[in-house]
Each structure stands twice: as C-alpha cells, then as structure tokens.
>>> print(open('my_file_15.txt').read())   # compact mmCIF, C-alpha atoms and all ligand atoms
# COMPACT_ATOMS: atom_id res chain seq x y z
CA MET V 1 103.93 146.99 13.35
CA SER V 2 106.33 146.64 10.44
CA ALA V 3 109.82 145.50 11.37
CA GLU V 4 111.24 147.86 8.78
CA GLU V 5 109.86 150.98 10.44
CA ASN V 6 111.53 149.93 13.66
CA SER V 7 114.89 149.06 12.17
CA LEU V 8 117.37 151.91 12.11
CA ARG V 9 118.90 150.29 9.05
CA SER V 10 115.99 151.40 6.92
CA TYR V 11 116.72 155.10 7.48
CA ARG V 12 119.28 157.07 5.51
CA ARG V 13 119.96 160.06 7.77
CA ILE V 14 119.71 159.55 11.49
CA THR V 15 119.96 162.16 14.24
CA ILE V 16 120.77 160.74 17.65
CA LYS V 17 120.11 162.82 20.75
CA VAL V 18 122.01 161.79 23.82
CA GLY V 19 120.82 163.00 27.21
CA SER V 20 123.08 164.36 29.96
CA ALA V 21 122.17 161.65 32.46
CA LEU V 22 123.54 159.00 30.07
CA LEU V 23 126.80 160.78 29.40
CA VAL V 24 127.68 162.06 32.82
CA ASP V 25 127.87 160.33 36.16
CA ARG V 26 127.78 162.75 39.07
CA GLN V 27 130.64 161.06 40.87
CA HIS V 28 132.82 159.82 38.09
CA GLY V 29 132.21 162.32 35.34
CA LEU V 30 132.03 161.28 31.71
CA ARG V 31 130.89 157.71 31.04
CA ARG V 32 133.51 157.10 28.44
CA GLN V 33 132.97 153.38 28.06
CA TRP V 34 129.32 154.01 27.22
CA VAL V 35 130.27 156.68 24.69
CA ASP V 36 132.75 154.26 23.10
CA ALA V 37 130.05 151.60 22.76
CA LEU V 38 127.62 154.10 21.25
CA CYS V 39 130.27 155.18 18.74
CA GLN V 40 130.64 151.54 17.70
CA ASP V 41 126.90 151.49 17.02
CA ILE V 42 127.21 154.74 15.06
CA SER V 43 130.01 153.26 13.03
CA ALA V 44 127.80 150.25 12.19
CA LEU V 45 125.08 152.60 10.91
CA ARG V 46 127.64 154.48 8.84
CA ARG V 47 128.87 151.22 7.33
CA ASP V 48 125.27 150.54 6.32
CA GLY V 49 125.35 153.81 4.41
CA ALA V 50 123.47 156.13 6.76
CA ASP V 51 124.53 159.66 7.62
CA VAL V 52 124.64 160.18 11.37
CA ILE V 53 124.31 163.41 13.35
CA VAL V 54 124.76 163.49 17.12
CA VAL V 55 123.04 166.04 19.34
CA SER V 56 124.86 165.76 22.61
CA SER V 57 123.81 167.24 25.92
CA GLY V 58 126.08 167.14 28.91
CA SER V 59 128.15 170.30 28.82
CA ILE V 60 126.66 171.74 31.98
CA ALA V 61 126.53 168.43 33.84
CA LEU V 62 130.09 167.58 32.84
CA GLY V 63 131.38 171.07 33.65
CA ARG V 64 129.94 170.68 37.12
CA THR V 65 131.64 167.36 37.75
CA VAL V 66 134.94 168.82 36.51
CA MET V 67 134.47 171.67 38.99
CA GLN V 68 133.73 169.43 42.00
CA GLY V 69 134.17 171.32 45.25
CA THR V 70 133.85 174.78 43.68
CA SER V 71 130.84 177.08 43.33
CA LEU V 72 130.16 175.45 39.96
CA GLY V 73 130.25 171.93 41.39
CA PRO V 74 127.27 169.58 41.49
CA SER V 75 126.27 169.74 45.14
CA ARG V 76 123.93 172.73 45.00
CA GLY V 77 121.04 171.51 42.81
CA ARG V 78 119.86 174.14 40.32
CA ILE V 79 122.39 176.87 39.59
CA LYS V 80 122.10 180.43 38.31
CA LEU V 81 122.27 181.19 34.60
CA GLU V 82 125.78 182.65 34.64
CA GLU V 83 127.00 179.68 36.65
CA SER V 84 125.52 177.22 34.17
CA GLN V 85 127.09 179.22 31.32
CA ALA V 86 130.47 178.96 32.99
CA ALA V 87 129.96 175.24 33.71
CA ALA V 88 129.00 174.74 30.05
CA ALA V 89 132.17 176.50 28.90
CA ILE V 90 134.23 174.05 30.95
CA GLY V 91 132.15 170.99 30.13
CA GLN V 92 131.81 171.56 26.39
CA ILE V 93 135.55 171.27 25.78
CA ALA V 94 135.68 167.95 27.61
CA LEU V 95 132.55 166.77 25.83
CA ALA V 96 133.90 167.63 22.39
CA LYS V 97 137.18 165.91 23.20
CA ALA V 98 135.37 162.74 24.27
CA TRP V 99 133.24 162.59 21.11
CA SER V 100 136.19 163.37 18.90
CA GLU V 101 138.32 160.65 20.49
CA ALA V 102 135.58 158.03 20.65
CA LEU V 103 134.55 158.58 17.02
CA SER V 104 138.14 158.62 15.85
CA GLU V 105 138.62 155.17 17.40
CA GLN V 106 136.00 154.11 14.82
CA ASN V 107 137.87 156.01 12.09
CA LEU V 108 135.19 158.67 12.07
CA VAL V 109 135.80 162.41 12.21
CA ALA V 110 133.70 164.60 14.51
CA GLY V 111 132.75 168.18 13.64
CA GLN V 112 131.40 170.34 16.45
CA VAL V 113 128.50 172.74 15.81
CA LEU V 114 127.18 174.90 18.65
CA LEU V 115 123.83 176.48 17.92
CA THR V 116 121.64 179.11 19.52
CA LEU V 117 117.92 179.48 19.03
CA GLY V 118 118.42 182.25 16.46
CA ASP V 119 120.58 179.94 14.33
CA THR V 120 117.62 177.68 13.68
CA GLU V 121 114.74 180.17 13.73
CA GLU V 122 116.10 183.01 11.63
CA ARG V 123 116.07 182.03 8.00
CA ARG V 124 119.46 183.26 6.86
CA ARG V 125 121.27 181.84 9.87
CA TYR V 126 119.27 178.65 9.45
CA LEU V 127 120.49 178.33 5.86
CA ASN V 128 124.07 178.89 6.98
CA ALA V 129 123.89 176.33 9.77
CA ARG V 130 122.21 173.87 7.42
CA ALA V 131 124.88 174.36 4.79
CA THR V 132 127.58 173.63 7.36
CA ILE V 133 125.86 170.45 8.52
CA HIS V 134 125.38 169.30 4.93
CA GLN V 135 129.00 169.99 4.14
CA LEU V 136 130.15 167.98 7.16
CA LEU V 137 127.95 165.06 6.10
CA LYS V 138 129.16 165.29 2.53
CA ALA V 139 132.72 165.07 3.77
CA GLY V 140 131.82 161.95 5.76
CA ALA V 141 132.16 163.60 9.17
CA VAL V 142 129.78 163.15 12.10
CA PRO V 143 128.36 166.53 13.22
CA VAL V 144 128.25 166.70 17.02
CA ILE V 145 125.83 169.42 18.01
CA ASN V 146 124.83 171.14 21.22
CA GLU V 147 123.18 174.38 22.18
CA ASN V 148 125.76 177.11 22.67
CA ASP V 149 125.00 177.27 26.37
CA THR V 150 127.81 179.72 27.12
CA VAL V 151 126.01 182.56 25.35
CA ALA V 152 122.36 181.46 25.29
CA THR V 153 120.31 183.42 27.81
CA ASN V 154 117.02 182.38 29.32
CA GLU V 155 114.89 184.33 26.87
CA ILE V 156 116.69 183.12 23.75
CA ARG V 157 117.48 179.51 24.36
CA TYR V 158 116.06 176.11 23.68
CA GLY V 159 117.05 175.01 27.14
CA ASP V 160 116.38 171.40 26.28
CA ASN V 161 118.13 169.37 23.64
CA ASP V 162 115.03 167.35 22.72
CA ARG V 163 113.53 170.19 20.73
CA LEU V 164 116.94 171.33 19.51
CA ALA V 165 117.55 167.80 18.19
CA ALA V 166 114.19 167.84 16.40
CA ARG V 167 115.02 171.15 14.73
CA VAL V 168 118.45 169.85 13.78
CA ALA V 169 116.87 166.69 12.33
CA THR V 170 114.44 168.69 10.21
CA MET V 171 117.17 171.15 9.23
CA ALA V 172 119.41 168.33 8.06
CA GLY V 173 116.59 166.54 6.22
CA ALA V 174 116.94 163.51 8.52
CA ASP V 175 114.35 160.75 8.25
CA MET V 176 114.90 159.41 11.78
CA LEU V 177 115.46 161.06 15.15
CA VAL V 178 116.41 158.82 18.07
CA LEU V 179 116.08 160.28 21.56
CA LEU V 180 118.20 158.28 23.96
CA SER V 181 117.43 159.00 27.57
CA ASP V 182 116.79 157.35 30.90
CA VAL V 183 113.25 156.35 29.92
CA ASP V 184 112.57 153.64 27.36
CA GLY V 185 109.57 155.29 25.74
CA LEU V 186 106.18 156.87 26.21
CA TYR V 187 103.74 155.56 28.81
CA SER V 188 100.07 156.43 29.16
CA ALA V 189 101.00 158.08 32.49
CA PRO V 190 104.37 158.79 34.19
CA PRO V 191 105.42 155.22 35.07
CA ASP V 192 107.18 155.97 38.38
CA ASN V 193 103.97 156.79 40.21
CA ASN V 194 101.56 154.79 38.00
CA PRO V 195 102.42 151.08 38.08
CA ASP V 196 99.55 150.36 35.68
CA ALA V 197 100.75 152.81 33.05
CA GLU V 198 100.60 151.31 29.61
CA PHE V 199 103.60 151.42 27.25
CA LEU V 200 102.96 152.90 23.81
CA HIS V 201 104.92 151.12 21.08
CA ARG V 202 103.70 153.15 18.18
CA ILE V 203 102.28 156.66 17.93
CA ASP V 204 100.61 157.41 14.58
CA GLU V 205 99.66 160.92 15.45
CA ILE V 206 100.31 163.31 18.33
CA THR V 207 96.81 163.89 19.63
CA PRO V 208 95.76 165.91 22.71
CA GLN V 209 95.60 162.57 24.59
CA ILE V 210 99.26 161.93 23.77
CA ASP V 211 100.11 165.43 25.00
CA ALA V 212 98.29 164.69 28.24
CA MET V 213 100.43 161.60 28.86
CA ALA V 214 103.58 163.65 29.41
CA GLY V 215 104.56 164.48 32.96
CA ASP V 216 106.81 167.48 33.49
CA ALA V 217 109.78 166.19 35.37
CA GLY V 218 113.17 165.82 33.81
CA SER V 219 116.00 164.21 35.77
CA GLU V 220 118.26 166.39 37.87
CA LEU V 221 121.00 166.53 35.26
CA SER V 222 118.90 167.19 32.20
CA ARG V 223 116.32 169.80 31.36
CA GLY V 224 113.95 167.82 29.17
CA GLY V 225 111.17 165.55 30.39
CA MET V 226 108.54 163.65 28.43
CA LYS V 227 106.87 166.94 27.58
CA THR V 228 109.81 168.24 25.53
CA LYS V 229 110.16 164.78 23.93
CA ILE V 230 106.59 164.94 22.68
CA GLU V 231 107.18 168.48 21.44
CA ALA V 232 110.24 167.16 19.64
CA GLY V 233 108.03 164.43 18.16
CA ARG V 234 105.63 167.04 16.90
CA ILE V 235 108.40 169.07 15.20
CA ALA V 236 110.03 166.00 13.67
CA THR V 237 106.98 164.08 12.48
CA LYS V 238 105.36 167.15 10.92
CA ALA V 239 108.46 167.56 8.80
CA GLY V 240 108.39 163.93 7.71
CA CYS V 241 110.98 162.59 10.16
CA ALA V 242 110.16 159.52 12.27
CA MET V 243 111.19 159.54 15.93
CA ILE V 244 112.13 156.84 18.41
CA ILE V 245 112.34 157.28 22.17
CA ALA V 246 114.52 154.52 23.60
CA SER V 247 116.52 153.79 26.70
CA GLY V 248 120.15 154.69 26.63
CA LYS V 249 120.78 152.98 29.94
CA VAL V 250 122.19 149.91 28.22
CA GLU V 251 125.54 149.75 26.50
CA HIS V 252 125.12 149.72 22.69
CA PRO V 253 121.67 151.33 22.82
CA LEU V 254 121.30 151.51 19.03
CA ARG V 255 122.24 147.89 18.58
CA ALA V 256 119.70 147.11 21.31
CA ILE V 257 116.96 148.77 19.24
CA GLU V 258 117.97 146.61 16.28
CA GLU V 259 117.81 143.57 18.52
CA GLY V 260 114.27 144.36 19.60
CA ALA V 261 114.65 146.42 22.77
CA ARG V 262 111.39 148.11 23.68
CA HIS V 263 110.95 151.65 22.35
CA SER V 264 108.25 154.09 21.21
CA LEU V 265 108.08 154.86 17.51
CA PHE V 266 106.45 158.11 16.34
CA LEU V 267 105.47 157.87 12.70
CA PRO V 268 106.09 160.76 10.32
CA SER V 269 103.05 162.55 8.97
CA ALA V 270 104.52 162.42 5.45
CA SER V 271 107.72 161.24 3.80
CA PRO V 272 110.53 163.81 4.20
CA VAL V 273 110.67 164.59 0.53
CA THR V 274 106.95 165.11 0.30
CA ALA V 275 106.85 167.27 3.41
CA ARG V 276 109.71 169.43 2.25
CA LYS V 277 108.42 169.72 -1.28
CA LYS V 278 104.98 170.49 0.01
CA TRP V 279 106.46 173.23 2.11
CA ILE V 280 108.31 174.81 -0.80
CA ALA V 281 105.56 174.25 -3.36
CA GLY V 282 102.92 175.32 -0.87
CA GLN V 283 104.16 178.88 -0.36
CA LEU V 284 101.11 180.90 -1.31
CA GLU V 285 102.79 183.77 -3.06
CA PRO V 286 106.35 183.29 -4.28
CA ALA V 287 108.28 186.46 -3.54
CA GLY V 288 109.87 186.61 -6.98
CA ARG V 289 110.40 184.95 -10.34
CA PHE V 290 113.37 183.64 -12.26
CA PHE V 291 112.90 183.38 -16.02
CA VAL V 292 115.27 180.72 -17.30
CA ASP V 293 116.40 179.55 -20.74
CA ASP V 294 115.63 176.15 -22.31
CA GLY V 295 118.99 174.71 -21.33
CA ALA V 296 118.36 175.51 -17.68
CA GLN V 297 114.84 174.10 -17.87
CA LYS V 298 116.23 170.81 -19.19
CA ALA V 299 118.96 170.75 -16.55
CA LEU V 300 116.43 171.27 -13.77
CA LYS V 301 114.25 168.49 -15.10
CA SER V 302 117.18 166.11 -14.95
CA GLY V 303 117.68 166.97 -11.29
CA LYS V 304 120.39 169.64 -11.53
CA SER V 305 120.67 172.88 -9.57
CA LEU V 306 119.79 176.21 -11.18
CA LEU V 307 122.99 178.07 -12.09
CA PRO V 308 123.09 181.86 -12.62
CA ALA V 309 124.12 181.33 -16.27
CA GLY V 310 120.68 179.99 -17.21
CA VAL V 311 118.72 182.84 -15.60
CA ARG V 312 117.67 185.52 -18.12
CA ASN V 313 115.55 187.73 -15.94
CA VAL V 314 114.75 188.26 -12.25
CA THR V 315 111.62 189.94 -10.94
CA GLY V 316 110.20 190.62 -7.49
CA LYS V 317 111.59 191.58 -4.11
CA PHE V 318 113.01 188.66 -2.17
CA LEU V 319 115.71 187.86 0.30
CA ARG V 320 118.03 184.90 0.32
CA GLY V 321 116.02 181.86 1.46
CA ASP V 322 112.69 183.17 0.18
CA THR V 323 110.65 181.04 -2.18
CA VAL V 324 110.76 182.05 -5.84
CA ALA V 325 108.95 180.67 -8.87
CA ILE V 326 111.02 179.39 -11.80
CA CYS V 327 109.47 180.09 -15.18
CA ASN V 328 110.52 179.31 -18.72
CA LEU V 329 110.88 182.12 -21.25
CA ALA V 330 107.23 181.72 -22.25
CA GLY V 331 106.36 182.68 -18.68
CA TYR V 332 105.13 179.29 -17.50
CA GLU V 333 106.06 178.37 -13.97
CA PHE V 334 107.51 174.86 -13.84
CA ALA V 335 109.42 174.82 -10.55
CA ARG V 336 109.83 176.56 -7.22
CA GLY V 337 112.74 176.84 -4.92
CA LEU V 338 114.53 178.73 -2.19
CA ALA V 339 116.76 181.45 -3.62
CA ALA V 340 120.40 181.28 -2.58
CA TYR V 341 120.68 185.02 -3.29
CA GLY V 342 118.41 187.99 -2.63
CA ALA V 343 116.84 189.82 -5.57
CA ASP V 344 119.56 192.50 -5.88
CA GLU V 345 122.43 190.04 -6.00
CA ALA V 346 120.48 187.58 -8.16
CA THR V 347 119.93 190.36 -10.71
CA LEU V 348 123.64 191.17 -10.75
CA ILE V 349 124.77 187.60 -11.39
CA ALA V 350 121.92 186.46 -13.68
CA GLY V 351 123.28 185.22 -17.00
CA ARG V 352 126.85 185.11 -15.65
CA LYS V 353 129.12 182.15 -15.03
CA SER V 354 129.37 180.83 -11.46
CA SER V 355 133.12 181.50 -11.63
CA GLU V 356 132.40 185.21 -12.05
CA ILE V 357 130.28 185.49 -8.89
CA ALA V 358 133.16 186.41 -6.60
CA GLU V 359 134.27 189.23 -8.86
CA ILE V 360 130.77 190.63 -9.29
CA LEU V 361 129.66 190.42 -5.66
CA GLY V 362 132.98 190.86 -3.94
CA TYR V 363 132.74 187.57 -2.08
CA SER V 364 132.61 183.97 -3.18
CA GLY V 365 128.95 183.04 -2.80
CA ARG V 366 127.22 179.81 -3.65
CA ALA V 367 127.64 178.43 -7.17
CA ALA V 368 123.92 177.76 -7.63
CA MET V 369 121.13 180.32 -7.74
CA ILE V 370 118.87 177.59 -6.31
CA HIS V 371 120.33 174.35 -5.06
CA ARG V 372 118.55 171.22 -6.24
CA ASP V 373 117.88 170.16 -2.62
CA ASP V 374 115.92 173.41 -2.26
CA MET V 375 113.84 172.94 -5.41
CA VAL V 376 110.66 171.24 -6.42
CA LEU V 377 109.31 170.77 -9.93
CA THR V 378 105.71 171.85 -10.10
CA GLY V 379 102.86 172.57 -12.44
CA ALA V 380 100.91 171.08 -15.32
CA GLN V 381 103.07 172.99 -17.76
CA PHE V 382 106.03 171.00 -16.63
CA ALA V 383 104.16 167.72 -16.89
CA SER V 384 103.23 168.45 -20.51
CA ASN V 385 106.92 168.93 -21.37
CA GLU V 386 107.93 165.78 -19.57
CA ASP V 387 109.15 163.97 -22.70
CA ASP V 388 111.48 166.69 -23.94
N1 LIG G 1 122.52 171.89 26.38
C1 LIG G 1 122.52 171.35 27.71
C2 LIG G 1 123.90 170.79 28.05
O1 LIG G 1 124.62 170.39 27.20
C3 LIG G 1 121.56 170.22 27.92
C4 LIG G 1 120.13 170.49 27.68
C5 LIG G 1 119.31 169.25 28.03
O2 LIG G 1 119.59 168.62 29.04
O3 LIG G 1 118.42 168.90 27.28
O4 LIG G 1 124.25 170.70 29.19
>>> encode(input="my_file_15.txt", output="structure tokens")
Amino acid sequence: MSAEENSLRSYRRITIKVGSALLVDRQHGLRRQWVDALCQDISALRRDGADVIVVSSGSIALGRTVMQGTSLGPSRGRIKLEESQAAAAIGQIALAKAWSEALSEQNLVAGQVLLTLGDTEERRRYLNARATIHQLLKAGAVPVINENDTVATNEIRYGDNDRLAARVATMAGADMLVLLSDVDGLYSAPPDNNPDAEFLHRIDEITPQIDAMAGDAGSELSRGGMKTKIEAGRIATKAGCAMIIASGKVEHPLRAIEEGARHSLFLPSASPVTARKKWIAGQLEPAGRFFVDDGAQKALKSGKSLLPAGVRNVTGKFLRGDTVAICNLAGYEFARGLAAYGADEATLIAGRKSSEIAEILGYSGRAAMIHRDDMVLTGAQFASNEDD
C-alpha cells in the first residue's frame, strides 16, 4: 500500500465527517477538548495548503443533553420525529458555537451550511449550495455542514451524515472524505460478535462481498452504521474521491492517521478531474449549443471561463445546470460545460458584457456563462487547433 495514498497531506480538498458519539457525551454534553484537538489537526492540514470541509453530526444528541430532565432529554431512547426536530433546533446552535469557537482559536473562520436532501439532489439547488461552499473555501473559511434536521421529515431526509458527507464531498470536488466514528474501519464481519473478523486496510472496489460485510447497527446516538459508511464509500469513490474510515476515539484523530493509526482506505474509481470531466463530456445529448467567437475559443483553451461577451448564438432548450456543447463559429464542438443560465436568459445576455447582466436580467447573476470548473475541452477538432 503506498504511503502517499494513506497520508492526508497528499490530498488537496478534504471533507471530514464527525459522528455524534464522538462529539457528544450523554452525561457531560459536548466534548469540547476533543473538538479543540481536532481543530488543531484541521489547522495543520490548512497550513499544508488543503481546503477542509467539516460535516458535523451531533445536533440531536447535543440538544438532548442540553434538555436533560425534559421530554427531549436523553433517557427515553428513540424519540419521535417532531421531538428530534426540536432537539436539533436546540443542539445545532450549541454545535455551531462550539465549531466556531474552536476553529477561531486556530485563527480559522467557520461558515455554517444546513442542507436538506433536496439541496443536493435537485440540480438548481445543488448548484446554489455548491457555489456557497466554493465561495466559503475561496475566502479561506471552513464550511461546517449538517443536515437541516429541524425541517427535514422522514420521507425527505438523509437521516445519516455518512451519505450526506459523501454527497458534500462530491459536490465540493473533494479528493478525500474521512469518516471519523467509533469504529476504526471495515471488518469482514461486525467485530463485536465476531472475534475472528479480519480488518480491511484497503478496498479497491466496493463489491457485493464488501456490501455483505456491513452490519446494520449504529450506536445509540448516531444513525449511521457500517452500511451507510459503505454507501458513502460508493458515492465518493465513484466520483473520484477517496475515503478513509478511521477511529475518532483518540484525541487528534487526523494526526493519528498521519502517524500510522489503523484505518480503512477506499480507493477512488478515477481521479476527481477525470470523473467529473467524464460526467460532463459523457452526457449523451447536450441540451443546447453555444456558438462562440475566436477570442472566446482561445480564452477557453487557456483555461478561462466562458463569458457572455464571446457567445454569438445560443440554440436548444436547456435549464441552468444542463450540459451544453460549445462550438466555434464554423460549428465544430470543442468543449462542453454546465450552463450557468437557462436558454432564455443565455440568449438575452449573449454578446453582452458581464457588467450588463444585472440590467438585462433584473438581478445580478453569475459573471460567466459557463464557469471553467464546469467545463471540459473535448473533441478532435479542438486537438487539431491545439497550437493556435
Ligand atoms: N444530522 C444528525 C444530527 O446532527 C446526525 C445524523 C447521523 O448521526 O448521522 O444529529
């Protein structure tokens, strides 16, 4: 196994999922000292140049410890949906405060994002949430994310933060997802009742045998078990993001991984760039076409975004976020990307300066017609013009 794959220092954007059982002690509430130590580890990763995103569970568990002795308190095992929503409302404030304080002790700024299932599964909302996360990272902040448990209902919720964290990681273009929980990795069978269970250090592919290794049980405070962790692994690795399951029971759990603590590494099925580009380039039928001038074609080739000014003509019916083909004026497709505007708006602003967008559309939209992160250069035609 290569040491590099296992070192967090070789990844540039790392999502860290922290389970409820690590953050919250039933008797004493938030484990602040542990959070402080983790934030020191996060700060070390940031100093190495990585972006860090935290997906933090714990709102419900923490809300229940705050409400000791009431109907929302921890003594009654599983609680009803509306009770857990109320507990989450109380716990989330305390949780956000703890992250904000602990990160600020490391001179880092926290930015809270609460997501529901629709925010990641519906394309327009997905693009909005993604833009917010990117903006936070660009500004040097640490996004701290949880499901918006106060409004999520049973039918429309993740329910577990393992899968939410995997979606967040893919949304943010992360290349590593670390799941910190009370288990140190994947075993061939649930280790509590199988003393002979074998520890898996490296998982190249999530096969049906791997699926079969997951038991169901989560701990009392958290919803996820090994099953949701493997599902998270499937989401992440398919999108080109590696995943580590490691124990968060120690102080400085990320440092511990660097120092060789045992963990399970799930390898990505492709590099993030390739996976993402494949996804964009692989759309069977682009919903529309942008015909762009030579200047825009050159700009795109040098890695720039496509601005409205360079777009001469727009065809097709597409919504914001749909894949469109980018063609030169001779009609040759040389790139594809996700449109930042739907066809109607794109037609209105084509050929105009980005500074005019607000006046034309009545709101200040994005400066680019297609952002460079959402674009892939394709096609033989492009290759033949490579030396321009
Ligand atoms: N979103 C839940 C909370 O913050 C946790 C879900 C989970 O345990 O995975 O309480």
>>> residues_near_ligand(input="my_file_15.txt", ligand="ligand LIG 1 (chain G)", cutoff="9 Å", atoms="all atoms listed in the file", output="MDAnalysis selection string")
chainID V and resid 18:21 56:63 84 87:88 91:92 95 146:149 158:164 218:219 221:225 228
>>> atom_distance(input="my_file_15.txt", atom1="atom CA of Ala339 of chain V", atom2="atom CA of Arg320 of chain V")
5.4 Å
>>> atom_distance(input="my_file_15.txt", atom1="atom CA of Val311 of chain V", atom2="atom CA of Asp293 of chain V")
6.5 Å
>>> residues_around(input="my_file_15.txt", residues="Asn128 of chain V", least_positions_apart="3", cutoff="12 Å", atoms="only C-alpha atoms", output="PyMOL selection string")
chain V and resi 113+115+118-125+131-135+171-172+320-321+340+365-366
>>> atom_distance(input="my_file_15.txt", atom1="atom CA of Tyr341 of chain V", atom2="atom CA of Leu319 of chain V")
6.8 Å
>>> residues_around(input="my_file_15.txt", residues="Thr153 of chain V", least_positions_apart="2", cutoff="9 Å", atoms="only C-alpha atoms", output="list in words")
Leu81, Glu82, Gln85, Asp149, Thr150, Val151, Glu155, Ile156 and Arg157 of chain V
>>> residues_around(input="my_file_15.txt", residues="segment 40-46 of chain V", least_positions_apart="3", cutoff="7 Å", atoms="all atoms listed in the file", output="NGL selection string")
:V and (9 or 36-37 or 49-52 or 106 or 252 or 254-255)
>>> write_last_selection(input="my_file_15.txt", atoms="C-alpha atoms", output="PDB file, keeping the file's coordinate frame")
ATOM      1  CA  ARG V   9     118.900 150.290   9.050  1.00  0.00           C
ATOM      2  CA  ASP V  36     132.750 154.260  23.100  1.00  0.00           C
ATOM      3  CA  ALA V  37     130.050 151.600  22.760  1.00  0.00           C
ATOM      4  CA  GLY V  49     125.350 153.810   4.410  1.00  0.00           C
ATOM      5  CA  ALA V  50     123.470 156.130   6.760  1.00  0.00           C
ATOM      6  CA  ASP V  51     124.530 159.660   7.620  1.00  0.00           C
ATOM      7  CA  VAL V  52     124.640 160.180  11.370  1.00  0.00           C
ATOM      8  CA  GLN V 106     136.000 154.110  14.820  1.00  0.00           C
ATOM      9  CA  HIS V 252     125.120 149.720  22.690  1.00  0.00           C
ATOM     10  CA  LEU V 254     121.300 151.510  19.030  1.00  0.00           C
ATOM     11  CA  ARG V 255     122.240 147.890  18.580  1.00  0.00           C
TER      12      ARG V 255
END
>>> residues_around(input="my_file_15.txt", residues="Gln112 of chain V", least_positions_apart="6", cutoff="10 Å", atoms="only C-alpha atoms", output="list in words")
Val54, Val55, Ala96, Lys97, Trp99, Ser100, Ile133, Leu136, Ala141, Val142, Pro143, Val144, Ile145 and Asn146 of chain V
>>> residues_near_point(input="my_file_15.txt", point="(109.6, 183.8, -5.5)", cutoff="10 Å", atoms="all atoms listed in the file", output="PyMOL selection string")
chain V and resi 283-290+314-319+321-326+336-339+343
>>> residues_around(input="my_file_15.txt", residues="segment 296-307 of chain V", least_positions_apart="2", cutoff="7 Å", atoms="only C-alpha atoms", output="PyMOL selection string")
chain V and resi 292-294+309-310+328+354+367-372
>>> closest_residue(input="my_file_15.txt", among="V:Ala89, V:Phe334, V:Leu137, V:Val168", to="Ala152 of chain V", atoms="only C-alpha atoms")
V:Ala89
>>> closest_residue(input="my_file_15.txt", among="V:Leu348, V:Cys39, V:Leu114, V:Ile245", to="Ala232 of chain V", atoms="only C-alpha atoms")
V:Ile245
>>> axis_aligned_box(input="my_file_15.txt", around="segment 7-16 of chain V", padding_each_side="8 Å", output="JSON")
{"center_x": 117.8, "center_y": 155.6, "center_z": 11.6, "size_x": 21.9, "size_y": 29.1, "size_z": 28.1}
>>> closest_residue(input="my_file_15.txt", among="V:Asp25, V:Glu198, V:Asp182, V:Asp211", to="Val66 of chain V", atoms="all atoms listed in the file")
V:Asp25
>>> closest_residue(input="my_file_15.txt", among="V:Asn194, V:Gly111, V:Thr347, V:Leu180", to="Ser264 of chain V", atoms="all atoms listed in the file")
V:Leu180
>>> closest_residue(input="my_file_15.txt", among="V:Leu186, V:Ala129, V:Val35, V:Ile210", to="Met226 of chain V", atoms="only C-alpha atoms")
V:Leu186
>>> closest_residue(input="my_file_15.txt", among="V:Arg64, V:Ser247, V:Arg352, V:Ser104", to="Ala86 of chain V", atoms="all atoms listed in the file")
V:Arg64
